[in-house]
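Next comes final.csv, with CSV, C-alpha atoms.
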chain,number,residue,atom,x,y,z
A,1,MET,CA,0.0,0.0,0.0
A,2,SER,CA,1.4,3.4,-1.0
A,3,ASN,CA,1.8,6.0,1.7
A,4,ASP,CA,1.6,9.5,0.2
A,5,PRO,CA,0.5,12.9,1.5
A,6,ILE,CA,-3.2,13.6,1.4
A,7,ALA,CA,-4.6,17.0,0.7
A,8,LEU,CA,-7.5,17.5,3.1
A,9,ASN,CA,-9.5,19.7,0.7
A,10,GLN,CA,-9.3,16.9,-1.9
A,11,ALA,CA,-10.4,14.3,0.7
A,12,LEU,CA,-13.3,16.6,1.7
A,13,ALA,CA,-14.3,17.1,-2.0
A,14,SER,CA,-14.6,13.3,-2.4
A,15,PHE,CA,-17.8,13.0,-0.5
A,16,ASP,CA,-21.0,14.9,0.4
A,17,ALA,CA,-22.5,13.1,3.4
A,18,LEU,CA,-22.9,15.1,6.6
A,19,TRP,CA,-21.9,13.8,10.0
A,20,SER,CA,-20.2,10.8,8.3
A,21,PRO,CA,-16.5,10.8,9.0
A,22,ARG,CA,-13.9,9.5,6.5
A,23,ILE,CA,-10.6,8.1,7.8
A,24,VAL,CA,-7.7,9.9,6.1
A,25,THR,CA,-4.8,8.2,7.9
A,26,ARG,CA,-4.0,6.1,11.0
A,27,VAL,CA,-1.4,6.9,13.7
A,28,ASN,CA,-0.7,3.8,15.8
A,29,ASP,CA,-4.1,2.7,17.0
A,30,TYR,CA,-5.7,6.2,16.4
A,31,ASP,CA,-7.7,7.5,13.4
A,32,VAL,CA,-7.4,10.9,11.8
A,33,ARG,CA,-10.9,11.5,10.4
A,34,VAL,CA,-12.4,14.4,8.4
A,35,ALA,CA,-16.1,15.2,8.3
A,36,LYS,CA,-18.5,17.7,6.8
A,37,VAL,CA,-21.1,18.8,9.4
A,38,GLU,CA,-24.2,21.1,9.4
A,39,GLY,CA,-27.1,21.3,11.7
A,40,GLU,CA,-27.1,19.3,14.9
A,41,HIS,CA,-25.4,16.1,16.0
A,42,VAL,CA,-26.7,14.2,19.2
A,43,TRP,CA,-25.8,14.3,22.9
A,44,HIS,CA,-23.4,11.5,23.5
A,45,VAL,CA,-20.5,10.5,25.6
A,46,HIS,CA,-17.3,8.6,25.1
A,47,ASP,CA,-16.6,6.8,28.4
A,48,HIS,CA,-13.1,5.8,27.7
A,49,THR,CA,-11.5,8.3,25.4
A,50,ASP,CA,-10.9,12.0,24.9
A,51,GLU,CA,-11.9,13.4,21.5
A,52,PHE,CA,-9.9,16.0,19.6
A,53,PHE,CA,-11.5,18.5,17.2
A,54,LEU,CA,-9.9,20.9,14.7
A,55,VAL,CA,-12.1,23.1,12.5
A,56,LEU,CA,-10.7,23.2,9.0
A,57,ASP,CA,-13.4,25.5,7.6
A,58,GLY,CA,-16.5,27.2,9.0
A,59,GLU,CA,-17.5,27.2,12.7
A,60,LEU,CA,-18.4,24.4,15.1
A,61,ASP,CA,-20.2,24.6,18.4
A,62,ILE,CA,-19.8,22.0,21.0
A,63,ALA,CA,-22.3,21.9,23.9
A,64,LEU,CA,-20.8,20.4,27.0
A,65,ARG,CA,-22.5,19.0,30.2
A,66,GLU,CA,-19.8,19.6,32.8
A,67,SER,CA,-19.9,19.2,36.6
A,68,GLY,CA,-20.5,23.0,36.9
A,69,GLY,CA,-23.4,23.0,34.4
A,70,GLU,CA,-23.9,23.2,30.7
A,71,ARG,CA,-21.9,25.5,28.4
A,72,THR,CA,-21.2,25.7,24.7
A,73,VAL,CA,-17.7,26.4,23.2
A,74,THR,CA,-17.4,27.8,19.7
A,75,LEU,CA,-14.5,26.8,17.5
A,76,ALA,CA,-13.7,29.2,14.6
A,77,THR,CA,-11.7,28.0,11.6
A,78,GLY,CA,-8.2,27.0,12.8
A,79,SER,CA,-9.3,26.3,16.4
A,80,VAL,CA,-8.9,23.1,18.3
A,81,PHE,CA,-10.6,21.6,21.4
A,82,THR,CA,-10.4,18.3,23.2
A,83,VAL,CA,-13.6,16.9,24.8
A,84,PRO,CA,-12.5,15.0,27.9
A,85,ARG,CA,-13.6,11.4,28.3
A,86,GLY,CA,-16.8,11.0,30.2
A,87,THR,CA,-18.1,14.5,29.2
A,88,GLU,CA,-21.5,14.5,27.5
A,89,HIS,CA,-21.3,16.7,24.4
A,90,LYS,CA,-23.3,17.7,21.4
A,91,PRO,CA,-21.6,19.2,18.3
A,92,SER,CA,-23.6,21.5,16.0
A,93,SER,CA,-22.9,23.9,13.2
A,94,PRO,CA,-25.8,26.1,12.1
A,95,SER,CA,-24.0,27.3,8.9
A,96,GLY,CA,-21.8,24.2,8.3
A,97,ALA,CA,-18.1,23.3,8.8
A,98,SER,CA,-15.4,20.9,7.9
A,99,ILE,CA,-13.6,19.3,10.8
A,100,LEU,CA,-10.7,16.9,11.6
A,101,VAL,CA,-10.9,14.6,14.6
A,102,PHE,CA,-8.3,12.4,16.3
A,103,GLU,CA,-9.5,9.5,18.3
A,104,PRO,CA,-8.8,5.8,18.9
A,105,THR,CA,-9.6,3.5,16.0
A,106,GLY,CA,-13.0,2.0,16.6
A,107,THR,CA,-14.5,5.0,18.4
A,108,LEU,CA,-18.1,5.3,17.5
A,109,THR,CA,-19.4,8.7,16.3
A,110,VAL,CA,-22.3,8.5,18.8
A,111,GLY,CA,-20.2,7.3,21.7
A,112,ASP,CA,-20.9,4.6,24.3
A,113,ARG,CA,-24.2,6.3,25.3
A,114,HIS,CA,-26.4,8.7,23.3
A,115,GLU,CA,-29.8,10.0,22.8
A,116,GLU,CA,-31.9,8.6,19.9
A,117,VAL,CA,-29.9,8.9,16.7
A,118,PRO,CA,-31.8,10.7,13.9
A,119,ALA,CA,-31.5,9.7,10.2
A,120,HIS,CA,-29.2,12.5,9.4
A,121,VAL,CA,-26.5,11.3,11.8
A,122,ASP,CA,-24.3,8.4,10.8
A,123,ALA,CA,-23.5,6.0,13.7
A,124,THR,CA,-20.1,4.7,12.5
A,125,THR,CA,-16.5,4.1,13.4
A,126,GLY,CA,-15.6,6.0,10.2
A,127,HIS,CA,-15.5,5.1,6.5
A,128,ALA,CA,-12.6,4.6,4.2
A,129,LEU,CA,-11.9,7.6,1.9
B,1,MET,CA,-7.8,24.2,34.8
B,2,SER,CA,-10.0,25.7,32.2
B,3,ASN,CA,-10.6,23.9,29.0
B,4,ASP,CA,-11.3,26.3,26.2
B,5,PRO,CA,-10.8,26.3,22.4
B,6,ILE,CA,-7.4,27.3,21.2
B,7,ALA,CA,-6.8,29.3,18.0
B,8,LEU,CA,-3.8,27.8,16.3
B,9,ASN,CA,-2.7,31.1,14.7
B,10,GLN,CA,-2.7,32.7,18.2
B,11,ALA,CA,-0.7,29.8,19.6
B,12,LEU,CA,1.8,30.1,16.8
B,13,ALA,CA,2.1,33.9,17.3
B,14,SER,CA,3.1,33.3,20.9
B,15,PHE,CA,6.6,32.1,20.1
B,16,ASP,CA,9.4,32.5,17.5
B,17,ALA,CA,11.7,29.5,18.0
B,18,LEU,CA,12.1,27.1,15.1
B,19,TRP,CA,11.9,23.3,15.3
B,20,SER,CA,10.7,23.7,18.9
B,21,PRO,CA,7.2,22.3,19.3
B,22,ARG,CA,4.6,23.7,21.7
B,23,ILE,CA,1.9,21.4,23.2
B,24,VAL,CA,-1.5,22.9,22.5
B,25,THR,CA,-3.6,20.1,23.9
B,26,ARG,CA,-3.5,16.4,25.0
B,27,VAL,CA,-5.7,13.6,23.8
B,28,ASN,CA,-5.5,10.6,26.2
B,29,ASP,CA,-1.7,9.9,26.3
B,30,TYR,CA,-1.0,11.8,23.0
B,31,ASP,CA,0.1,15.4,22.4
B,32,VAL,CA,-1.1,17.7,19.8
B,33,ARG,CA,1.9,20.0,19.1
B,34,VAL,CA,2.5,22.9,16.8
B,35,ALA,CA,5.8,24.1,15.5
B,36,LYS,CA,7.4,26.7,13.3
B,37,VAL,CA,10.0,25.2,11.0
B,38,GLU,CA,12.5,26.5,8.4
B,39,GLY,CA,15.6,24.9,7.0
B,40,GLU,CA,16.6,21.4,7.9
B,41,HIS,CA,15.8,19.1,10.8
B,42,VAL,CA,17.9,15.9,11.3
B,43,TRP,CA,17.6,12.3,10.2
B,44,HIS,CA,16.0,10.4,13.0
B,45,VAL,CA,13.7,7.5,13.7
B,46,HIS,CA,11.0,6.7,16.2
B,47,ASP,CA,11.2,3.0,16.9
B,48,HIS,CA,7.9,2.6,18.7
B,49,THR,CA,5.5,5.2,17.2
B,50,ASP,CA,4.1,6.6,14.0
B,51,GLU,CA,4.2,10.4,13.7
B,52,PHE,CA,1.4,12.5,12.1
B,53,PHE,CA,2.1,15.8,10.3
B,54,LEU,CA,-0.4,18.4,9.2
B,55,VAL,CA,0.9,21.5,7.4
B,56,LEU,CA,-1.0,24.5,8.6
B,57,ASP,CA,0.9,27.0,6.5
B,58,GLY,CA,3.8,26.8,4.0
B,59,GLU,CA,5.3,23.7,2.6
B,60,LEU,CA,7.1,20.8,4.4
B,61,ASP,CA,9.4,18.2,2.8
B,62,ILE,CA,9.9,14.9,4.6
B,63,ALA,CA,12.8,12.7,3.3
B,64,LEU,CA,12.2,9.0,4.0
B,65,ARG,CA,14.6,6.0,4.0
B,66,GLU,CA,12.3,3.1,3.1
B,67,SER,CA,13.1,-0.5,2.2
B,68,GLY,CA,12.8,0.4,-1.5
B,69,GLY,CA,15.2,3.4,-1.2
B,70,GLU,CA,15.1,7.0,-0.3
B,71,ARG,CA,12.4,9.4,-1.4
B,72,THR,CA,11.0,12.8,-0.3
B,73,VAL,CA,7.3,13.6,0.1
B,74,THR,CA,6.2,17.2,-0.1
B,75,LEU,CA,3.2,18.4,2.0
B,76,ALA,CA,1.5,21.6,0.8
B,77,THR,CA,-0.7,23.7,3.2
B,78,GLY,CA,-3.6,21.5,4.3
B,79,SER,CA,-1.9,18.2,3.6
B,80,VAL,CA,-1.3,15.4,6.0
B,81,PHE,CA,1.2,12.5,6.2
B,82,THR,CA,2.0,9.8,8.7
B,83,VAL,CA,5.6,8.6,9.0
B,84,PRO,CA,5.4,4.9,10.0
B,85,ARG,CA,7.3,3.8,13.1
B,86,GLY,CA,10.8,2.6,12.4
B,87,THR,CA,11.2,4.7,9.2
B,88,GLU,CA,14.2,7.1,9.2
B,89,HIS,CA,13.0,10.5,8.2
B,90,LYS,CA,14.3,14.1,7.9
B,91,PRO,CA,11.8,17.0,7.8
B,92,SER,CA,12.9,20.2,6.0
B,93,SER,CA,11.3,23.4,4.8
B,94,PRO,CA,13.4,25.7,2.6
B,95,SER,CA,10.9,28.6,2.8
B,96,GLY,CA,9.3,27.9,6.2
B,97,ALA,CA,6.1,26.3,7.4
B,98,SER,CA,3.9,26.0,10.4
B,99,ILE,CA,2.9,22.4,11.3
B,100,LEU,CA,0.8,20.4,13.7
B,101,VAL,CA,1.9,17.0,14.9
B,102,PHE,CA,0.2,14.2,16.8
B,103,GLU,CA,2.3,11.7,18.7
B,104,PRO,CA,2.4,10.0,22.1
B,105,THR,CA,3.3,12.3,25.0
B,106,GLY,CA,7.0,12.0,25.7
B,107,THR,CA,8.0,11.5,22.1
B,108,LEU,CA,11.3,13.2,21.5
B,109,THR,CA,11.6,15.5,18.5
B,110,VAL,CA,14.9,13.8,17.5
B,111,GLY,CA,13.5,10.3,18.0
B,112,ASP,CA,15.2,7.3,19.6
B,113,ARG,CA,18.2,7.4,17.2
B,114,HIS,CA,19.4,10.4,15.3
B,115,GLU,CA,22.4,12.0,13.7
B,116,GLU,CA,24.3,14.8,15.5
B,117,VAL,CA,21.8,17.5,16.6
B,118,PRO,CA,22.8,21.0,15.5
B,119,ALA,CA,22.2,24.0,17.7
B,120,HIS,CA,19.1,25.2,15.6
B,121,VAL,CA,17.2,22.0,16.4
B,122,ASP,CA,15.5,21.6,19.8
B,123,ALA,CA,15.7,18.1,21.2
B,124,THR,CA,12.6,18.1,23.4
B,125,THR,CA,9.4,16.3,24.2
B,126,GLY,CA,7.6,19.6,23.6
B,127,HIS,CA,7.1,22.8,25.6
B,128,ALA,CA,4.0,24.2,27.2
B,129,LEU,CA,2.3,27.0,25.3
Mind turning the file's structure into structure tokens?
Amino acid sequence: MSNDPIALNQALASFDALWSPRIVTRVNDYDVRVAKVEGEHVWHVHDHTDEFFLVLDGELDIALRESGGERTVTLATGSVFTVPRGTEHKPSSPSGASILVFEPTGTLTVGDRHEEVPAHVDATTGHAL
Amino acid sequence: MSNDPIALNQALASFDALWSPRIVTRVNDYDVRVAKVEGEHVWHVHDHTDEFFLVLDGELDIALRESGGERTVTLATGSVFTVPRGTEHKPSSPSGASILVFEPTGTLTVGDRHEEVPAHVDATTGHAL
């Protein structure tokens, strides 16, 4: 299998599905995934792993249920944020965004526990490019 | 400790040192680091871990010594590449770049084995922002 650089804008141009991550490369037992998002994801939690977000384009909101209460962080293009393991969170993007996430291979997009998953959200461990 | 989004361009504006990564966030037992680079790094190898590169700005070359011989991959802005564990490599950037790397916490910039480290290369496991 060849190992060549991947242009993220070309990777993103190769699919249209929202909330449906593509795996662009692996790092040990972690995935680097990219996704197009717009509208609302679901409240969910990863009990055993942190989850890293980088916004490549657009703006992403992440609502968080923390011990002190609920808040929403907003990530502009070029911003990063790590959701700690065990923290319920709900990503959303009213006007759309492209994002990159790092997380262990096999991590499900809807976590270990989640509210009902609507049709527009892909419950997946990531698809091949 | 507060956990808020970090704008990578602000993180990069906070230091000038070349080849001297700053840790912007942690994901489980991995670091997300950013660095400014220009000129040549050194040939080195990480025996036990892959190393992920994303070019945030500029262009990065990575020379690789693979079983089939030596080649150089070039990453434009917005491109990613994973150097497999055990592969000798030498990053360089004639005209300069800003990069993001993802690797296990404690990973040394010059790897487990390396050629002599010149003064302009920081042998470090990453600095706090």
| field | Selection near His46 in chain B, 8 Å with all atoms listed in the file, sequence-local residues under 2 positions removed, as a PyMOL selection string | value | chain B and resi 44+48-50+85-88+111-113
Would you kindly report the residues of chain B within 10 Å of chain A, using only C-alpha atoms, as a CSV table (one decimal) with C-alpha atoms, keeping the file's coordinate frame?
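Here's the written file part-v7.csv:
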chain,number,residue,atom,x,y,z
B,3,ASN,CA,-10.6,23.9,29.0
B,4,ASP,CA,-11.3,26.3,26.2
B,5,PRO,CA,-10.8,26.3,22.4
B,6,ILE,CA,-7.4,27.3,21.2
B,7,ALA,CA,-6.8,29.3,18.0
B,8,LEU,CA,-3.8,27.8,16.3
B,9,ASN,CA,-2.7,31.1,14.7
B,10,GLN,CA,-2.7,32.7,18.2
B,11,ALA,CA,-0.7,29.8,19.6
B,24,VAL,CA,-1.5,22.9,22.5
B,25,THR,CA,-3.6,20.1,23.9
B,26,ARG,CA,-3.5,16.4,25.0
B,27,VAL,CA,-5.7,13.6,23.8
B,28,ASN,CA,-5.5,10.6,26.2
B,29,ASP,CA,-1.7,9.9,26.3
B,30,TYR,CA,-1.0,11.8,23.0
B,32,VAL,CA,-1.1,17.7,19.8
B,48,HIS,CA,7.9,2.6,18.7
B,49,THR,CA,5.5,5.2,17.2
B,50,ASP,CA,4.1,6.6,14.0
B,51,GLU,CA,4.2,10.4,13.7
B,52,PHE,CA,1.4,12.5,12.1
B,53,PHE,CA,2.1,15.8,10.3
B,54,LEU,CA,-0.4,18.4,9.2
B,55,VAL,CA,0.9,21.5,7.4
B,56,LEU,CA,-1.0,24.5,8.6
B,72,THR,CA,11.0,12.8,-0.3
B,73,VAL,CA,7.3,13.6,0.1
B,74,THR,CA,6.2,17.2,-0.1
B,75,LEU,CA,3.2,18.4,2.0
B,76,ALA,CA,1.5,21.6,0.8
B,77,THR,CA,-0.7,23.7,3.2
B,78,GLY,CA,-3.6,21.5,4.3
B,79,SER,CA,-1.9,18.2,3.6
B,80,VAL,CA,-1.3,15.4,6.0
B,81,PHE,CA,1.2,12.5,6.2
B,82,THR,CA,2.0,9.8,8.7
B,83,VAL,CA,5.6,8.6,9.0
B,84,PRO,CA,5.4,4.9,10.0
B,85,ARG,CA,7.3,3.8,13.1
B,102,PHE,CA,0.2,14.2,16.8
B,103,GLU,CA,2.3,11.7,18.7
B,104,PRO,CA,2.4,10.0,22.1
| Residues near Glu38 in chain B, cut-off 6 Å, all atoms listed in the file, skip fewer than 5 positions along chain, as a list in words | Ser93, Pro94 and Gly96 of chain B
| request: Would you kindly identify which residues have an atom no farther than 9 Å from (7.4, 18.8, 8.5), using all atoms listed in the file and the file's own coordinates, and write them out as an NGL selection string? | output: :B and (35 or 37 or 41 or 53-55 or 59-62 or 74-75 or 90-93 or 97-101)
| query | Which one is closest to Glu116 in chain A: A:Ala13, A:Gly69, A:Trp43, A:Lys36? Count all atoms listed in the file. | reply | A:Trp43
Coordinates of chain B after Cα superposition on chain A, as a JSON list (two decimals) with C-alpha atoms, keeping the file's coordinate frame:
[["chain", "number", "residue", "atom", "x", "y", "z"],
["B", 1, "MET", "CA", 0.01, 0.06, -0.01],
["B", 2, "SER", "CA", 1.41, 3.38, -0.94],
["B", 3, "ASN", "CA", 1.87, 6.00, 1.66],
["B", 4, "ASP", "CA", 1.60, 9.45, 0.19],
["B", 5, "PRO", "CA", 0.52, 12.90, 1.47],
["B", 6, "ILE", "CA", -3.16, 13.57, 1.44],
["B", 7, "ALA", "CA", -4.66, 17.00, 0.68],
["B", 8, "LEU", "CA", -7.50, 17.53, 3.09],
["B", 9, "ASN", "CA", -9.51, 19.72, 0.67],
["B", 10, "GLN", "CA", -9.31, 16.89, -1.93],
["B", 11, "ALA", "CA", -10.40, 14.34, 0.66],
["B", 12, "LEU", "CA", -13.31, 16.51, 1.65],
["B", 13, "ALA", "CA", -14.33, 17.05, -2.02],
["B", 14, "SER", "CA", -14.61, 13.30, -2.44],
["B", 15, "PHE", "CA", -17.85, 12.96, -0.52],
["B", 16, "ASP", "CA", -21.04, 14.91, 0.37],
["B", 17, "ALA", "CA", -22.54, 13.11, 3.38],
["B", 18, "LEU", "CA", -22.87, 15.07, 6.60],
["B", 19, "TRP", "CA", -21.83, 13.86, 10.06],
["B", 20, "SER", "CA", -20.20, 10.86, 8.37],
["B", 21, "PRO", "CA", -16.46, 10.84, 9.00],
["B", 22, "ARG", "CA", -13.88, 9.54, 6.53],
["B", 23, "ILE", "CA", -10.55, 8.06, 7.79],
["B", 24, "VAL", "CA", -7.70, 9.86, 6.07],
["B", 25, "THR", "CA", -4.86, 8.22, 7.92],
["B", 26, "ARG", "CA", -4.00, 6.13, 11.05],
["B", 27, "VAL", "CA", -1.46, 6.94, 13.71],
["B", 28, "ASN", "CA", -0.64, 3.81, 15.79],
["B", 29, "ASP", "CA", -4.14, 2.71, 17.01],
["B", 30, "TYR", "CA", -5.74, 6.18, 16.38],
["B", 31, "ASP", "CA", -7.66, 7.52, 13.37],
["B", 32, "VAL", "CA", -7.40, 10.85, 11.85],
["B", 33, "ARG", "CA", -10.89, 11.51, 10.39],
["B", 34, "VAL", "CA", -12.45, 14.35, 8.50],
["B", 35, "ALA", "CA", -16.09, 15.20, 8.30],
["B", 36, "LYS", "CA", -18.53, 17.64, 6.81],
["B", 37, "VAL", "CA", -21.08, 18.82, 9.35],
["B", 38, "GLU", "CA", -24.17, 21.08, 9.34],
["B", 39, "GLY", "CA", -27.04, 21.28, 11.77],
["B", 40, "GLU", "CA", -27.11, 19.25, 14.91],
["B", 41, "HIS", "CA", -25.40, 16.06, 16.02],
["B", 42, "VAL", "CA", -26.66, 14.25, 19.19],
["B", 43, "TRP", "CA", -25.78, 14.33, 22.86],
["B", 44, "HIS", "CA", -23.39, 11.52, 23.50],
["B", 45, "VAL", "CA", -20.45, 10.54, 25.64],
["B", 46, "HIS", "CA", -17.28, 8.55, 25.17],
["B", 47, "ASP", "CA", -16.58, 6.82, 28.45],
["B", 48, "HIS", "CA", -13.03, 5.73, 27.74],
["B", 49, "THR", "CA", -11.50, 8.37, 25.40],
["B", 50, "ASP", "CA", -10.95, 12.06, 24.89],
["B", 51, "GLU", "CA", -11.90, 13.38, 21.44],
["B", 52, "PHE", "CA", -9.90, 16.06, 19.54],
["B", 53, "PHE", "CA", -11.56, 18.53, 17.13],
["B", 54, "LEU", "CA", -9.88, 20.82, 14.66],
["B", 55, "VAL", "CA", -12.07, 23.09, 12.53],
["B", 56, "LEU", "CA", -10.69, 23.22, 9.04],
["B", 57, "ASP", "CA", -13.39, 25.48, 7.66],
["B", 58, "GLY", "CA", -16.53, 27.14, 9.09],
["B", 59, "GLU", "CA", -17.53, 27.26, 12.67],
["B", 60, "LEU", "CA", -18.37, 24.38, 15.10],
["B", 61, "ASP", "CA", -20.28, 24.66, 18.39],
["B", 62, "ILE", "CA", -19.78, 21.94, 20.99],
["B", 63, "ALA", "CA", -22.31, 21.93, 23.91],
["B", 64, "LEU", "CA", -20.83, 20.36, 27.06],
["B", 65, "ARG", "CA", -22.51, 19.01, 30.25],
["B", 66, "GLU", "CA", -19.81, 19.53, 32.88],
["B", 67, "SER", "CA", -19.95, 19.19, 36.66],
["B", 68, "GLY", "CA", -20.43, 22.97, 36.94],
["B", 69, "GLY", "CA", -23.34, 23.02, 34.41],
["B", 70, "GLU", "CA", -23.87, 23.21, 30.75],
["B", 71, "ARG", "CA", -21.95, 25.48, 28.43],
["B", 72, "THR", "CA", -21.16, 25.71, 24.68],
["B", 73, "VAL", "CA", -17.70, 26.35, 23.22],
["B", 74, "THR", "CA", -17.43, 27.78, 19.75],
["B", 75, "LEU", "CA", -14.47, 26.79, 17.49],
["B", 76, "ALA", "CA", -13.70, 29.17, 14.61],
["B", 77, "THR", "CA", -11.65, 27.98, 11.54],
["B", 78, "GLY", "CA", -8.22, 26.95, 12.80],
["B", 79, "SER", "CA", -9.26, 26.32, 16.38],
["B", 80, "VAL", "CA", -8.87, 23.16, 18.33],
["B", 81, "PHE", "CA", -10.63, 21.63, 21.38],
["B", 82, "THR", "CA", -10.43, 18.36, 23.24],
["B", 83, "VAL", "CA", -13.60, 16.98, 24.83],
["B", 84, "PRO", "CA", -12.46, 15.05, 27.94],
["B", 85, "ARG", "CA", -13.58, 11.43, 28.29],
["B", 86, "GLY", "CA", -16.81, 11.00, 30.18],
["B", 87, "THR", "CA", -18.14, 14.50, 29.29],
["B", 88, "GLU", "CA", -21.54, 14.54, 27.51],
["B", 89, "HIS", "CA", -21.27, 16.68, 24.46],
["B", 90, "LYS", "CA", -23.34, 17.69, 21.39],
["B", 91, "PRO", "CA", -21.56, 19.13, 18.31],
["B", 92, "SER", "CA", -23.59, 21.48, 16.06],
["B", 93, "SER", "CA", -22.91, 23.84, 13.19],
["B", 94, "PRO", "CA", -25.77, 26.10, 12.06],
["B", 95, "SER", "CA", -23.95, 27.26, 8.90],
["B", 96, "GLY", "CA", -21.73, 24.22, 8.23],
["B", 97, "ALA", "CA", -18.11, 23.33, 8.85],
["B", 98, "SER", "CA", -15.46, 20.91, 7.84],
["B", 99, "ILE", "CA", -13.59, 19.27, 10.76],
["B", 100, "LEU", "CA", -10.76, 16.91, 11.55],
["B", 101, "VAL", "CA", -10.91, 14.60, 14.52],
["B", 102, "PHE", "CA", -8.37, 12.40, 16.28],
["B", 103, "GLU", "CA", -9.57, 9.47, 18.35],
["B", 104, "PRO", "CA", -8.77, 5.79, 18.88],
["B", 105, "THR", "CA", -9.68, 3.53, 15.95],
["B", 106, "GLY", "CA", -13.07, 2.00, 16.59],
["B", 107, "THR", "CA", -14.49, 5.02, 18.35],
["B", 108, "LEU", "CA", -18.13, 5.35, 17.46],
["B", 109, "THR", "CA", -19.38, 8.74, 16.31],
["B", 110, "VAL", "CA", -22.36, 8.50, 18.73],
["B", 111, "GLY", "CA", -20.18, 7.35, 21.63],
["B", 112, "ASP", "CA", -20.93, 4.64, 24.19],
["B", 113, "ARG", "CA", -24.22, 6.28, 25.33],
["B", 114, "HIS", "CA", -26.31, 8.64, 23.31],
["B", 115, "GLU", "CA", -29.80, 9.95, 22.78],
["B", 116, "GLU", "CA", -31.95, 8.64, 19.89],
["B", 117, "VAL", "CA", -29.94, 8.90, 16.63],
["B", 118, "PRO", "CA", -31.82, 10.70, 13.85],
["B", 119, "ALA", "CA", -31.54, 9.61, 10.26],
["B", 120, "HIS", "CA", -29.14, 12.57, 9.32],
["B", 121, "VAL", "CA", -26.50, 11.33, 11.76],
["B", 122, "ASP", "CA", -24.24, 8.40, 10.80],
["B", 123, "ALA", "CA", -23.47, 6.07, 13.66],
["B", 124, "THR", "CA", -20.14, 4.67, 12.48],
["B", 125, "THR", "CA", -16.54, 4.10, 13.41],
["B", 126, "GLY", "CA", -15.60, 5.97, 10.23],
["B", 127, "HIS", "CA", -15.49, 5.10, 6.53],
["B", 128, "ALA", "CA", -12.55, 4.66, 4.23],
["B", 129, "LEU", "CA", -11.81, 7.58, 1.94]]
| query | Could you state the separation of CA of His127 in chain A and CA of Leu12 in chain A in Å, given to one decimal place? | reply |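 Calculated distance between CA of His127 in chain A and CA of Leu12 in chain A is 12.7 Å.
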| query | Mind listing as a PyMOL selection string all residues within 9 Å of (17.4, 29.0, 18.6), counting only C-alpha atoms? | reply | chain B and resi 16-20+119-122
| CA of Arg22 in chain B and CA of Ala123 in chain B, how far apart in Å? |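 So the answer is 12.4 Å.
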| request: Please indicate the distance in Å from CA of Leu129 in chain B to CA of Asp47 in chain A, rounded to one decimal place. | output: 27.8 Å
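Restricting the calculation to only C-alpha atoms, the smallest distance between Val34 in chain A and any of A:Ser95, A:Ala63, A:Thr109, A:Pro118 is found for A:Thr109.
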